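Student: Got a structure for you, written out below as structure tokens; questions coming shortly.
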Protein chains: 2
Amino acid sequence: MNLKELSRRLGLSPTTVSRALNGYPEVSERTRRRVREAAAAWNYRPNTRAKSLATGRSLAIGHVLPVSTKHELVNPIFADFLAGASEAYATAGYDLFLSIVPDQDEERAYRDLARRGTVDGVILHGPSVSDSRIGLLNTLGLPCVVHGRSSGIDEGYNWLDVNNRRAFFRAAAFLLDLGHRRVALLNGGEAMDFATRRRSGYEQALQERGIPVDPALIAHDEMTETYGHATAGRLLDGPGPPTAFLVSSLIPAIGARRAIEERGLRMGRDVSVVTFDDDLSYFRNAGDAPPFTAVRSSVRAAGLMAAKMLLEIIAQGGGAGVPRSRLLEAELVVGQSTGPFRPPVR
Amino acid sequence: MNLKELSRRLGLSPTTVSRALNGYPEVSERTRRRVREAAAAWNYRPNTRAKSLATGRSLAIGHVLPVSTKHELVNPIFADFLAGASEAYATAGYDLFLSIVPDQDEERAYRDLARRGTVDGVILHGPSVSDSRIGLLNTLGLPCVVHGRSSGIDEGYNWLDVNNRRAFFRAAAFLLDLGHRRVALLNGGEAMDFATRRRSGYEQALQERGIPVDPALIAHDEMTETYGHATAGRLLDGPGPPTAFLVSSLIPAIGARRAIEERGLRMGRDVSVVTFDDDLSYFRNAGDAPPFTAVRSSVRAAGLMAAKMLLEIIAQGGGAGVPRSRLLEAELVVGQSTGPFRPPVR
DNA sequence: TTGAAAGCGGTACCAT
DNA sequence: ATGGTACCGCTTTCAA
């Protein structure tokens with residue numbers, strides 16, 4: 001069932017039917033209702049491709065996700081972000097176009113997206129410091145919202161981020177105030193913008209307490225399970241092992257916990273592990289929202305917000321308006337689950 | 001730069017340029033080369049929407065993912081499956097549309113997808129026993145590959161699945177042969193096809209060893225962290241607590257481990273936890289591929305295979321050919337990481 | 001081997 | 001308030 005067919009059955013022109021369905025004011029209410037009912041009865045759905053070819057808008061949003069060629073694994077949290085974004089797209093009648101590309105191909109992916117007219121805008125994931133993609137998208141004229149920020153970028157851009165610095169400041173402060181003196185930081189790759197902010201929060205907490213920052217306790221790498229396992233193991237076996245780990249993501253934390261268990265150490269008693277992923281600490285939330293779940297819900301919410309932001313920008317012409325931004329404050333949910341988080345008494 | 005523009009610059013007709021670019025044989029090699037070079041030089045990319053409108057094929061595949069309205073969380077493993085599928089689509093020139101819908105809306109999502117001509121085929125995720133979506137897609141004439149299977153469906157359909165039954169048989173047998181007598185099964189929702197198969201493998205292992213199946217040790221629910229935490233806690237606090245847990249997915253396993261840690265029990269010594277997610281056990285793989293990573297890699301591979309299967313089906317007309325299927329044997333990677341997995345000596 | 005022209009399924013301008 | 005028609009960018013007969 002297409003427009004022509006439907007209009008023939010109604011004895012109307014395609015023009016009128018199109019107008020009726022798309023809410024144009026010049027259609028009489030009687031006609032509109034007739035058309036609406038017929039469309040529903042015949043189960044008519046406009047062909048998206050034809051529609052977007054005619055309007056010039058694709059009614060789709062692209063999410064381009066770089067994956068490391070080295071590890072090929074996707075941050076699992078990403079699925080929740082997409083679920084949140086989907087919700088926004090569904091209500092706005094947009095499709096979600098997903099493009100998972102090896103990181104070295106990413107620039108080409110954006111160029112293609114723009115040239116082929118596949119999407120009306122994109123959400124940019126995993127920004128690094130001075131991320132070149134932001135400028136590229138600007139040049140291409142493709143509206144964009146960055147999930148995260150990119151320090152070093154001068155031009156205005158739209159972003160939604162969590163307060164990584166504050167979150168890690170608070171997490172580190174929490175551990176230090178319990179008496180920990182050797183807190184290791186298992187951070188993300190050095191080029192990642194979030195990693196620099198998290199490190200800075202961690203360092204500030206130490207400095208405010210007059211505790212020297214020990215570079216040996218800070219690690220930067222892609223957040224894999226192997227990385228968490230190897231790094232935690234190395235630190236635990238080395239001189240002056242940490243009594244607590246602050247881990248940037250769930251995945252390396254799984255590895256770190258395994259390293260701890262392998263050494264017969266008790267979680268939360270001999271060694272504490274605090275994991276962050278986006279805006280929530282991996283502490284325990286006493287009752288119904290366990291930590292990982294809480295993180296995931298919040299990421300889902302972030303996806304929803306970012307998508308809405310992008311849709312608004314597109315609705316307003318997509319051009320260079322005032323850049324929008326939103327900073328989600330870190331929420332620290334503290335409890336006692338895998339131990340009291342206190343340092344062991346020597 | 002579009003076709004018309006490009007052809008004007010070349011002094012050729014759009015027809016010839018189109019033919020040259022799409023590999024039609026009737027174009028002279030000289031012309032073809034000229035066109036190819038010009039296209040590359042001018043960075044020409046055909047407009048996907050126009051192309052698919054003209055050809056009737058959308059050059060896109062849809063992944064429709066049902067999410068529980070209750071929990072709204074997506075199985076994180078899903079991101080890896082998508083990454084694998086993406087790889088197949090990228091090489092074939094296909095796009096990936098993602099549609100994450102509340103489970104009660106799913107039927108409408110499929111109908112829309114088919115009618116609006118958004119995609120040439122879909123991959124169906126999370127099939128239940130006697131899943132009605134398979135028949136629906138058949139009716140709609142939308143080529144489809146099921147990730148998983150659906151017992152109770154008579155008509156032929158295409159699927160790719162792991163050997164859940166055998167995997168859980170082996171995992172349970174492994175624990176029982178170490179001397180465990182009370183092995184709890186934290187399974188997925190009762191309606192899920194994979195859950196029935198996993199349970200059946202688990203039960204067979206018990207029966208073969210003459211150990212009665214205790215229904216109190218078997219739990220079925222959506223695989224959330226809360227579920228794992230609450231269920232494991234309840235069983236540990238109850239009469240005749242299990243000495244081992246066989247958990248169907250990483251997420252509830254995180255909860256279960258937390259319940260164990262909270263009770264001061266040592267992982268792998270007082271209580272063992274074995275997690276499955278798709279075709280790999282959550283045992284430890286000694287060196288460079290830690291368990292969770294191994295699982296994810298294999299899911300990625302499954303995504304790649306499923307996508308290739310679907311693309312072949314579409315290439316062959318998409319119609320009702322001989323249904324294809326592929327059963328991935330479970331791979332059991334055993335090692336000692338969070339303890340020897342032996343039951344505690346009483 | 002190349003080109004002209006008629007669609008694909010809509011939208012939107014210009015008439016009426 | 002409704003209809004005719006020229007596009008949107010590409011493919012595909014059909015003719016030359």
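In the structure tokens, each chain is lettered A, B, ... as it comes, each chain's residues begin at 1, and ligands are numbered from 1 in order of appearance.
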Would you pick out the contacts of Asn43 in chain A at 10 Å or less, using only C-alpha atoms (C1' of nucleotides), so that residues sharing its chain but fewer than 4 positions from it are not included, and give the list as a ChimeraX atom specification?

Tutor: /A:1-2,6,37-39 /B:111-112,115

Student: Emit the selected residues as a short mmCIF file (atom, residue, chain, number, x, y, z; two decimals), in the first residue's frame, including C-alpha atoms.

Tutor:
```cif
data_model
loop_
_atom_site.label_atom_id
_atom_site.label_comp_id
_atom_site.auth_asym_id
_atom_site.auth_seq_id
_atom_site.Cartn_x
_atom_site.Cartn_y
_atom_site.Cartn_z
CA MET A 1 0.00 0.00 0.00
CA ASN A 2 1.58 3.25 -1.11
CA LEU A 6 -4.28 4.93 -1.01
CA GLU A 37 -8.93 6.23 9.09
CA ALA A 38 -8.25 4.82 5.65
CA ALA A 39 -4.53 4.88 6.29
CA ARG B 111 5.46 -4.69 10.55
CA ASP B 112 6.75 -1.15 10.21
CA ARG B 115 6.11 -1.89 5.17
#
```

Student: After a least-squares superposition on chain A over all sequentially paired C-alpha atoms, what is chain B as a CSV table (one decimal) with C-alpha atoms, in the first residue's frame?

Tutor:
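The result, written out as superposed23.csv:
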```
chain,number,residue,atom,x,y,z
B,1,MET,CA,0.0,-0.1,0.1
B,2,ASN,CA,1.5,3.2,-1.0
B,3,LEU,CA,0.4,6.7,-1.3
B,4,LYS,CA,-0.8,6.4,-4.9
B,5,GLU,CA,-2.8,3.3,-4.1
B,6,LEU,CA,-4.3,4.8,-1.0
B,7,SER,CA,-5.3,8.0,-2.7
B,8,ARG,CA,-7.0,6.1,-5.6
B,9,ARG,CA,-9.1,4.1,-3.1
B,10,LEU,CA,-10.1,7.3,-1.5
B,11,GLY,CA,-10.9,9.1,-4.7
B,12,LEU,CA,-8.4,11.8,-3.8
B,13,SER,CA,-5.1,13.0,-5.2
B,14,PRO,CA,-1.9,11.9,-3.6
B,15,THR,CA,-1.3,15.5,-2.8
B,16,THR,CA,-4.3,15.8,-0.6
B,17,VAL,CA,-3.6,12.5,1.2
B,18,SER,CA,-0.1,13.5,1.9
B,19,ARG,CA,-1.2,16.8,3.3
B,20,ALA,CA,-3.9,15.2,5.4
B,21,LEU,CA,-1.4,12.7,6.9
B,22,ASN,CA,1.3,15.3,7.5
B,23,GLY,CA,-0.9,17.7,9.3
B,24,TYR,CA,-1.0,20.5,6.8
B,25,PRO,CA,-3.7,23.1,7.7
B,26,GLU,CA,-5.3,23.5,4.4
B,27,VAL,CA,-7.1,20.2,4.5
B,28,SER,CA,-10.7,20.0,5.6
B,29,GLU,CA,-11.2,18.2,8.9
B,30,ARG,CA,-13.7,15.9,7.3
B,31,THR,CA,-11.2,14.8,4.6
B,32,ARG,CA,-8.4,14.5,7.1
B,33,ARG,CA,-10.4,12.2,9.2
B,34,ARG,CA,-11.4,10.1,6.2
B,35,VAL,CA,-7.8,9.8,5.1
B,36,ARG,CA,-6.6,9.0,8.6
B,37,GLU,CA,-9.1,6.3,9.0
B,38,ALA,CA,-8.4,4.8,5.6
B,39,ALA,CA,-4.6,4.9,6.3
B,40,ALA,CA,-5.1,3.1,9.6
B,41,ALA,CA,-7.5,0.6,8.0
B,42,TRP,CA,-5.2,-0.2,5.1
B,43,ASN,CA,-2.2,-0.2,7.4
B,44,TYR,CA,-0.5,2.4,5.3
B,45,ARG,CA,3.1,3.5,6.3
B,46,PRO,CA,4.9,6.0,4.1
B,47,ASN,CA,8.1,4.7,2.6
B,48,THR,CA,10.9,6.2,4.5
B,49,ARG,CA,13.4,6.2,1.6
B,50,ALA,CA,11.0,8.0,-0.7
B,51,LYS,CA,10.0,10.4,2.0
B,52,SER,CA,13.6,11.3,2.8
B,53,LEU,CA,14.5,11.5,-0.8
B,54,ALA,CA,11.8,14.0,-1.4
B,55,THR,CA,12.3,16.1,1.7
B,56,GLY,CA,16.1,16.0,1.9
B,57,ARG,CA,16.0,14.9,5.5
B,58,SER,CA,16.8,11.3,6.2
B,59,LEU,CA,14.9,11.0,9.5
B,60,ALA,CA,17.7,9.0,10.9
B,61,ILE,CA,20.5,9.5,13.4
B,62,GLY,CA,23.9,7.8,13.2
B,63,HIS,CA,25.9,6.5,16.0
B,64,VAL,CA,29.5,5.9,15.0
B,65,LEU,CA,31.4,3.9,17.5
B,66,PRO,CA,35.1,3.5,17.1
B,67,VAL,CA,36.5,0.1,18.2
B,68,SER,CA,40.1,-0.5,18.8
B,69,THR,CA,41.6,-2.6,16.0
B,70,LYS,CA,43.7,-4.2,18.7
B,71,HIS,CA,40.9,-5.5,20.9
B,72,GLU,CA,37.8,-5.2,18.9
B,73,LEU,CA,35.6,-5.2,21.9
B,74,VAL,CA,32.9,-2.7,22.6
B,75,ASN,CA,32.2,-1.1,25.9
B,76,PRO,CA,29.1,-3.1,27.0
B,77,ILE,CA,27.7,0.0,28.6
B,78,PHE,CA,27.2,1.3,25.1
B,79,ALA,CA,24.2,-0.9,24.5
B,80,ASP,CA,22.4,0.9,27.3
B,81,PHE,CA,23.3,4.3,25.9
B,82,LEU,CA,21.8,3.1,22.6
B,83,ALA,CA,18.6,1.9,24.3
B,84,GLY,CA,18.1,5.3,25.9
B,85,ALA,CA,18.7,7.1,22.6
B,86,SER,CA,16.3,4.7,20.8
B,87,GLU,CA,13.6,5.8,23.1
B,88,ALA,CA,14.0,9.4,22.0
B,89,TYR,CA,14.2,8.5,18.3
B,90,ALA,CA,11.1,6.3,18.5
B,91,THR,CA,8.9,9.1,19.8
B,92,ALA,CA,10.3,11.5,17.2
B,93,GLY,CA,9.9,9.1,14.3
B,94,TYR,CA,13.6,8.8,13.7
B,95,ASP,CA,15.6,5.7,12.8
B,96,LEU,CA,18.9,4.7,14.3
B,97,PHE,CA,21.8,3.7,12.2
B,98,LEU,CA,24.7,2.1,13.9
B,99,SER,CA,28.2,2.1,12.4
B,100,ILE,CA,30.9,0.3,14.3
B,101,VAL,CA,34.2,0.9,12.6
B,102,PRO,CA,37.8,0.2,13.2
B,103,ASP,CA,39.2,3.4,14.7
B,104,GLN,CA,41.5,4.2,11.7
B,105,ASP,CA,38.5,4.1,9.3
B,106,GLU,CA,36.4,6.4,11.3
B,107,GLU,CA,37.0,9.6,9.4
B,108,ARG,CA,35.9,7.9,6.2
B,109,ALA,CA,32.8,6.6,8.0
B,110,TYR,CA,31.8,10.1,8.8
B,111,ARG,CA,32.5,11.4,5.3
B,112,ASP,CA,30.4,8.6,3.9
B,113,LEU,CA,27.6,9.2,6.2
B,114,ALA,CA,27.4,12.8,5.3
B,115,ARG,CA,27.8,12.4,1.6
B,116,ARG,CA,25.4,9.5,1.2
B,117,GLY,CA,22.8,11.4,3.1
B,118,THR,CA,22.2,8.5,5.4
B,119,VAL,CA,21.6,10.5,8.5
B,120,ASP,CA,20.6,13.9,9.7
B,121,GLY,CA,23.1,14.0,12.5
B,122,VAL,CA,25.4,11.9,14.6
B,123,ILE,CA,26.3,11.1,18.1
B,124,LEU,CA,30.0,10.9,18.6
B,125,HIS,CA,31.3,8.4,21.1
B,126,GLY,CA,34.5,8.1,23.0
B,127,PRO,CA,36.1,11.5,22.4
B,128,SER,CA,39.8,11.9,22.9
B,129,VAL,CA,41.7,15.0,23.9
B,130,SER,CA,41.6,17.4,21.0
B,131,ASP,CA,39.5,15.0,19.0
B,132,SER,CA,39.8,15.8,15.3
B,133,ARG,CA,36.4,14.3,14.5
B,134,ILE,CA,34.6,17.3,16.0
B,135,GLY,CA,36.1,19.7,13.5
B,136,LEU,CA,35.5,17.2,10.7
B,137,LEU,CA,31.8,17.0,11.4
B,138,ASN,CA,31.7,20.8,11.6
B,139,THR,CA,33.2,21.0,8.2
B,140,LEU,CA,30.9,18.4,6.8
B,141,GLY,CA,28.0,20.3,8.3
B,142,LEU,CA,26.7,17.3,10.0
B,143,PRO,CA,24.9,18.2,13.3
B,144,CYS,CA,26.6,16.4,16.1
B,145,VAL,CA,26.4,15.8,19.9
B,146,VAL,CA,29.5,14.5,21.7
B,147,HIS,CA,29.0,12.0,24.4
B,148,GLY,CA,31.8,13.2,26.6
B,149,ARG,CA,34.0,16.3,26.0
B,150,SER,CA,37.2,17.0,24.3
B,151,SER,CA,39.5,19.4,26.0
B,152,GLY,CA,41.7,21.3,23.5
B,153,ILE,CA,38.9,22.0,21.1
B,154,ASP,CA,38.3,25.7,20.8
B,155,GLU,CA,35.3,25.9,18.5
B,156,GLY,CA,31.9,25.5,20.2
B,157,TYR,CA,30.4,22.1,20.0
B,158,ASN,CA,27.5,20.3,21.6
B,159,TRP,CA,28.2,17.8,24.3
B,160,LEU,CA,26.8,15.8,27.2
B,161,ASP,CA,29.2,14.6,29.8
B,162,VAL,CA,29.4,13.3,33.3
B,163,ASN,CA,31.5,15.1,35.9
B,164,ASN,CA,34.4,12.6,35.7
B,165,ARG,CA,36.7,14.8,37.6
B,166,ARG,CA,34.4,15.3,40.5
B,167,ALA,CA,33.4,11.7,40.6
B,168,PHE,CA,37.0,10.5,40.8
B,169,PHE,CA,37.8,13.1,43.3
B,170,ARG,CA,35.1,11.9,45.6
B,171,ALA,CA,35.8,8.2,45.1
B,172,ALA,CA,39.5,8.8,45.9
B,173,ALA,CA,38.7,11.0,48.8
B,174,PHE,CA,36.3,8.4,50.2
B,175,LEU,CA,39.1,5.8,50.2
B,176,LEU,CA,41.7,8.1,51.6
B,177,ASP,CA,39.5,9.3,54.4
B,178,LEU,CA,39.0,5.6,55.4
B,179,GLY,CA,42.7,5.5,55.9
B,180,HIS,CA,44.0,4.1,52.6
B,181,ARG,CA,47.4,5.5,51.7
B,182,ARG,CA,48.2,3.5,48.6
B,183,VAL,CA,45.3,3.8,46.2
B,184,ALA,CA,46.0,2.5,42.6
B,185,LEU,CA,44.3,4.1,39.6
B,186,LEU,CA,43.5,1.8,36.7
B,187,ASN,CA,42.5,4.4,34.1
B,188,GLY,CA,41.5,4.4,30.5
B,189,GLY,CA,43.8,5.1,27.5
B,190,GLU,CA,45.9,8.2,27.9
B,191,ALA,CA,44.5,9.9,24.9
B,192,MET,CA,40.9,9.5,26.1
B,193,ASP,CA,39.5,12.8,27.4
B,194,PHE,CA,37.6,11.1,30.3
B,195,ALA,CA,40.8,9.5,31.5
B,196,THR,CA,42.6,12.8,31.9
B,197,ARG,CA,39.7,14.2,33.9
B,198,ARG,CA,39.4,11.2,36.1
B,199,ARG,CA,43.1,11.3,36.8
B,200,SER,CA,43.0,14.9,37.7
B,201,GLY,CA,40.2,14.3,40.2
B,202,TYR,CA,42.1,11.5,41.7
B,203,GLU,CA,45.3,13.5,42.0
B,204,GLN,CA,43.5,16.4,43.6
B,205,ALA,CA,42.1,14.2,46.3
B,206,LEU,CA,45.6,13.0,47.1
B,207,GLN,CA,47.2,16.4,47.0
B,208,GLU,CA,44.6,18.0,49.2
B,209,ARG,CA,45.5,15.4,51.8
B,210,GLY,CA,49.2,15.9,51.4
B,211,ILE,CA,49.7,12.4,50.0
B,212,PRO,CA,52.3,12.3,47.2
B,213,VAL,CA,51.1,11.0,43.9
B,214,ASP,CA,53.0,7.9,43.1
B,215,PRO,CA,53.2,7.4,39.3
B,216,ALA,CA,53.8,3.7,39.9
B,217,LEU,CA,50.2,3.4,41.1
B,218,ILE,CA,48.7,5.0,38.0
B,219,ALA,CA,48.1,2.9,34.9
B,220,HIS,CA,46.6,4.0,31.6
B,221,ASP,CA,45.4,1.6,28.9
B,222,GLU,CA,42.5,0.4,26.9
B,223,MET,CA,40.0,-1.0,29.3
B,224,THR,CA,40.2,-4.7,28.8
B,225,GLU,CA,39.9,-7.5,31.3
B,226,THR,CA,43.5,-8.5,30.6
B,227,TYR,CA,44.7,-5.1,31.4
B,228,GLY,CA,42.9,-5.1,34.7
B,229,HIS,CA,44.1,-8.5,35.6
B,230,ALA,CA,47.7,-8.0,34.7
B,231,THR,CA,48.0,-4.5,36.2
B,232,ALA,CA,46.4,-5.4,39.5
B,233,GLY,CA,48.4,-8.6,39.7
B,234,ARG,CA,51.7,-6.7,39.1
B,235,LEU,CA,50.9,-4.0,41.6
B,236,LEU,CA,49.8,-6.6,44.3
B,237,ASP,CA,53.0,-8.6,43.8
B,238,GLY,CA,55.3,-5.5,43.7
B,239,PRO,CA,56.7,-3.5,46.6
B,240,GLY,CA,54.3,-1.4,48.5
B,241,PRO,CA,51.1,-3.0,47.1
B,242,PRO,CA,48.0,-0.9,47.0
B,243,THR,CA,45.3,-1.5,49.6
B,244,ALA,CA,42.6,-0.2,47.2
B,245,PHE,CA,42.0,0.0,43.5
B,246,LEU,CA,40.0,2.7,41.7
B,247,VAL,CA,39.1,1.3,38.4
B,248,SER,CA,37.7,3.3,35.5
B,249,SER,CA,35.4,0.7,34.0
B,250,LEU,CA,33.6,-2.5,34.8
B,251,ILE,CA,35.6,-4.6,32.4
B,252,PRO,CA,39.1,-4.1,33.8
B,253,ALA,CA,37.5,-4.3,37.3
B,254,ILE,CA,36.5,-7.9,36.5
B,255,GLY,CA,40.1,-8.6,35.8
B,256,ALA,CA,41.4,-6.8,38.8
B,257,ARG,CA,39.0,-8.7,41.1
B,258,ARG,CA,40.1,-11.9,39.6
B,259,ALA,CA,43.8,-11.0,40.3
B,260,ILE,CA,42.8,-10.3,43.9
B,261,GLU,CA,40.9,-13.5,44.3
B,262,GLU,CA,43.8,-15.5,42.8
B,263,ARG,CA,46.0,-14.3,45.6
B,264,GLY,CA,43.6,-15.4,48.3
B,265,LEU,CA,42.9,-11.9,49.3
B,266,ARG,CA,39.5,-11.0,50.6
B,267,MET,CA,37.6,-8.5,48.6
B,268,GLY,CA,36.8,-5.3,50.6
B,269,ARG,CA,38.9,-6.4,53.5
B,270,ASP,CA,42.4,-7.0,52.4
B,271,VAL,CA,41.9,-5.0,49.2
B,272,SER,CA,39.1,-2.7,48.2
B,273,VAL,CA,37.9,-2.2,44.6
B,274,VAL,CA,35.9,0.8,43.6
B,275,THR,CA,34.7,0.9,40.0
B,276,PHE,CA,33.4,3.8,38.0
B,277,ASP,CA,31.7,3.7,34.8
B,278,ASP,CA,30.3,7.0,33.6
B,279,ASP,CA,28.7,8.9,36.4
B,280,LEU,CA,28.2,6.3,39.1
B,281,SER,CA,30.6,4.7,41.4
B,282,TYR,CA,30.6,1.0,41.7
B,283,PHE,CA,29.8,1.1,45.3
B,284,ARG,CA,26.8,-0.6,46.4
B,285,ASN,CA,23.4,0.8,46.5
B,286,ALA,CA,21.8,-0.9,49.5
B,287,GLY,CA,18.6,-2.4,48.0
B,288,ASP,CA,16.9,-2.8,44.7
B,289,ALA,CA,19.4,-1.0,42.4
B,290,PRO,CA,22.7,-2.9,42.5
B,291,PRO,CA,25.7,-1.0,41.5
B,292,PHE,CA,26.2,-2.2,37.9
B,293,THR,CA,22.5,-1.9,37.3
B,294,ALA,CA,22.5,1.7,38.6
B,295,VAL,CA,25.4,2.6,36.3
B,296,ARG,CA,23.6,1.1,33.4
B,297,SER,CA,20.3,2.9,34.1
B,298,SER,CA,22.2,6.2,34.3
B,299,VAL,CA,23.9,5.5,31.0
B,300,ARG,CA,20.6,4.8,29.5
B,301,ALA,CA,19.3,8.1,30.8
B,302,ALA,CA,22.4,9.8,29.3
B,303,GLY,CA,21.6,8.3,25.9
B,304,LEU,CA,18.1,9.6,26.1
B,305,MET,CA,19.3,13.1,26.9
B,306,ALA,CA,21.9,13.2,24.3
B,307,ALA,CA,19.5,12.0,21.6
B,308,LYS,CA,16.9,14.6,22.6
B,309,MET,CA,19.6,17.3,22.5
B,310,LEU,CA,20.6,16.3,18.9
B,311,LEU,CA,17.0,16.2,17.7
B,312,GLU,CA,16.4,19.7,19.0
B,313,ILE,CA,19.5,20.9,17.3
B,314,ILE,CA,18.4,19.4,14.0
B,315,ALA,CA,14.9,20.8,14.4
B,316,GLN,CA,16.3,24.2,14.8
B,317,GLY,CA,18.2,24.0,11.5
B,318,GLY,CA,21.1,22.0,12.7
B,319,GLY,CA,23.4,24.9,11.8
B,320,ALA,CA,25.7,26.8,14.1
B,321,GLY,CA,23.5,28.0,16.9
B,322,VAL,CA,24.7,28.4,20.4
B,323,PRO,CA,26.4,25.2,21.4
B,324,ARG,CA,24.5,23.2,24.0
B,325,SER,CA,26.0,21.3,26.7
B,326,ARG,CA,24.9,19.4,29.8
B,327,LEU,CA,27.1,18.2,32.6
B,328,LEU,CA,25.7,15.4,34.7
B,329,GLU,CA,26.9,15.5,38.2
B,330,ALA,CA,28.4,12.3,39.5
B,331,GLU,CA,26.3,10.5,41.9
B,332,LEU,CA,28.1,8.6,44.6
B,333,VAL,CA,26.2,5.6,45.9
B,334,VAL,CA,28.0,4.2,48.9
B,335,GLY,CA,27.3,1.1,50.9
B,336,GLN,CA,28.9,-2.0,52.2
B,337,SER,CA,28.8,-4.9,50.0
B,338,THR,CA,32.0,-6.5,49.3
B,339,GLY,CA,33.4,-5.5,52.6
B,340,PRO,CA,33.8,-2.3,54.6
B,341,PHE,CA,36.3,-0.8,52.2
B,342,ARG,CA,38.7,-0.2,55.1
B,343,PRO,CA,42.4,-0.7,54.7
B,344,PRO,CA,43.8,-3.8,56.3
B,345,VAL,CA,45.4,-3.3,59.7
B,346,ARG,CA,49.0,-4.2,59.5
```

Student: Show me which bits of chain D are within 10 Å of chain B, counting only C-alpha atoms (C1' of nucleotides), as a PDB file with C-alpha atoms (C1' of nucleotides), in the first residue's frame.

Tutor:
```pdb
ATOM      1  C1'  DC D   8      14.710  14.330  -5.082  1.00  0.00           C
ATOM      2  C1'  DG D   9      19.055  10.860  -7.182  1.00  0.00           C
ATOM      3  C1'  DC D  10      19.430   6.734  -8.957  1.00  0.00           C
ATOM      4  C1'  DT D  11      18.339   2.398 -11.952  1.00  0.00           C
ATOM      5  C1'  DT D  12      16.672   0.261 -15.947  1.00  0.00           C
TER       6       DT D  12
END
```

Student: Would you mind listing, for every residue of chain D within 9 Å of range 10-15 of chain C, the two atoms forming the shortest contact and the distance between them in Å to one decimal, using only C-alpha atoms (C1' of nucleotides), sorted by chain and ascending residue number, as a tab-separated table?

Tutor:
```
residue	atom	partner	partner_atom	distance
D:DG3	C1'	C:DA15	C1'	8.6
D:DG4	C1'	C:DA15	C1'	8.0
D:DA6	C1'	C:DC13	C1'	8.7
D:DC7	C1'	C:DT11	C1'	8.9
```

Student: If you run DSSP on the backbone, which residues of range 13-89 of chain B are strand (DSSP E), as a list in words?

Tutor: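 Reading the DSSP output for range 13-89 of chain B, strand (DSSP E) covers Ala60, Ile61, Gly62, His63, Val64, Leu65, Pro66 and Val67 of chain B.
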
Student: Run DSSP on the backbone of this structure and report the residues of range 39-174 of chain A it assigns to alpha helix (DSSP H), as a count of residues only.

Tutor: 58

Student: Taking only C-alpha atoms (C1' of nucleotides) into account, report as a list of chain:residue names which residues of chain C lie within 12 Å of chain B.

Tutor: C:DT1, C:DT2, C:DG3, C:DA4, C:DA5, C:DA6, C:DG7, C:DC8, C:DG9, C:DG10
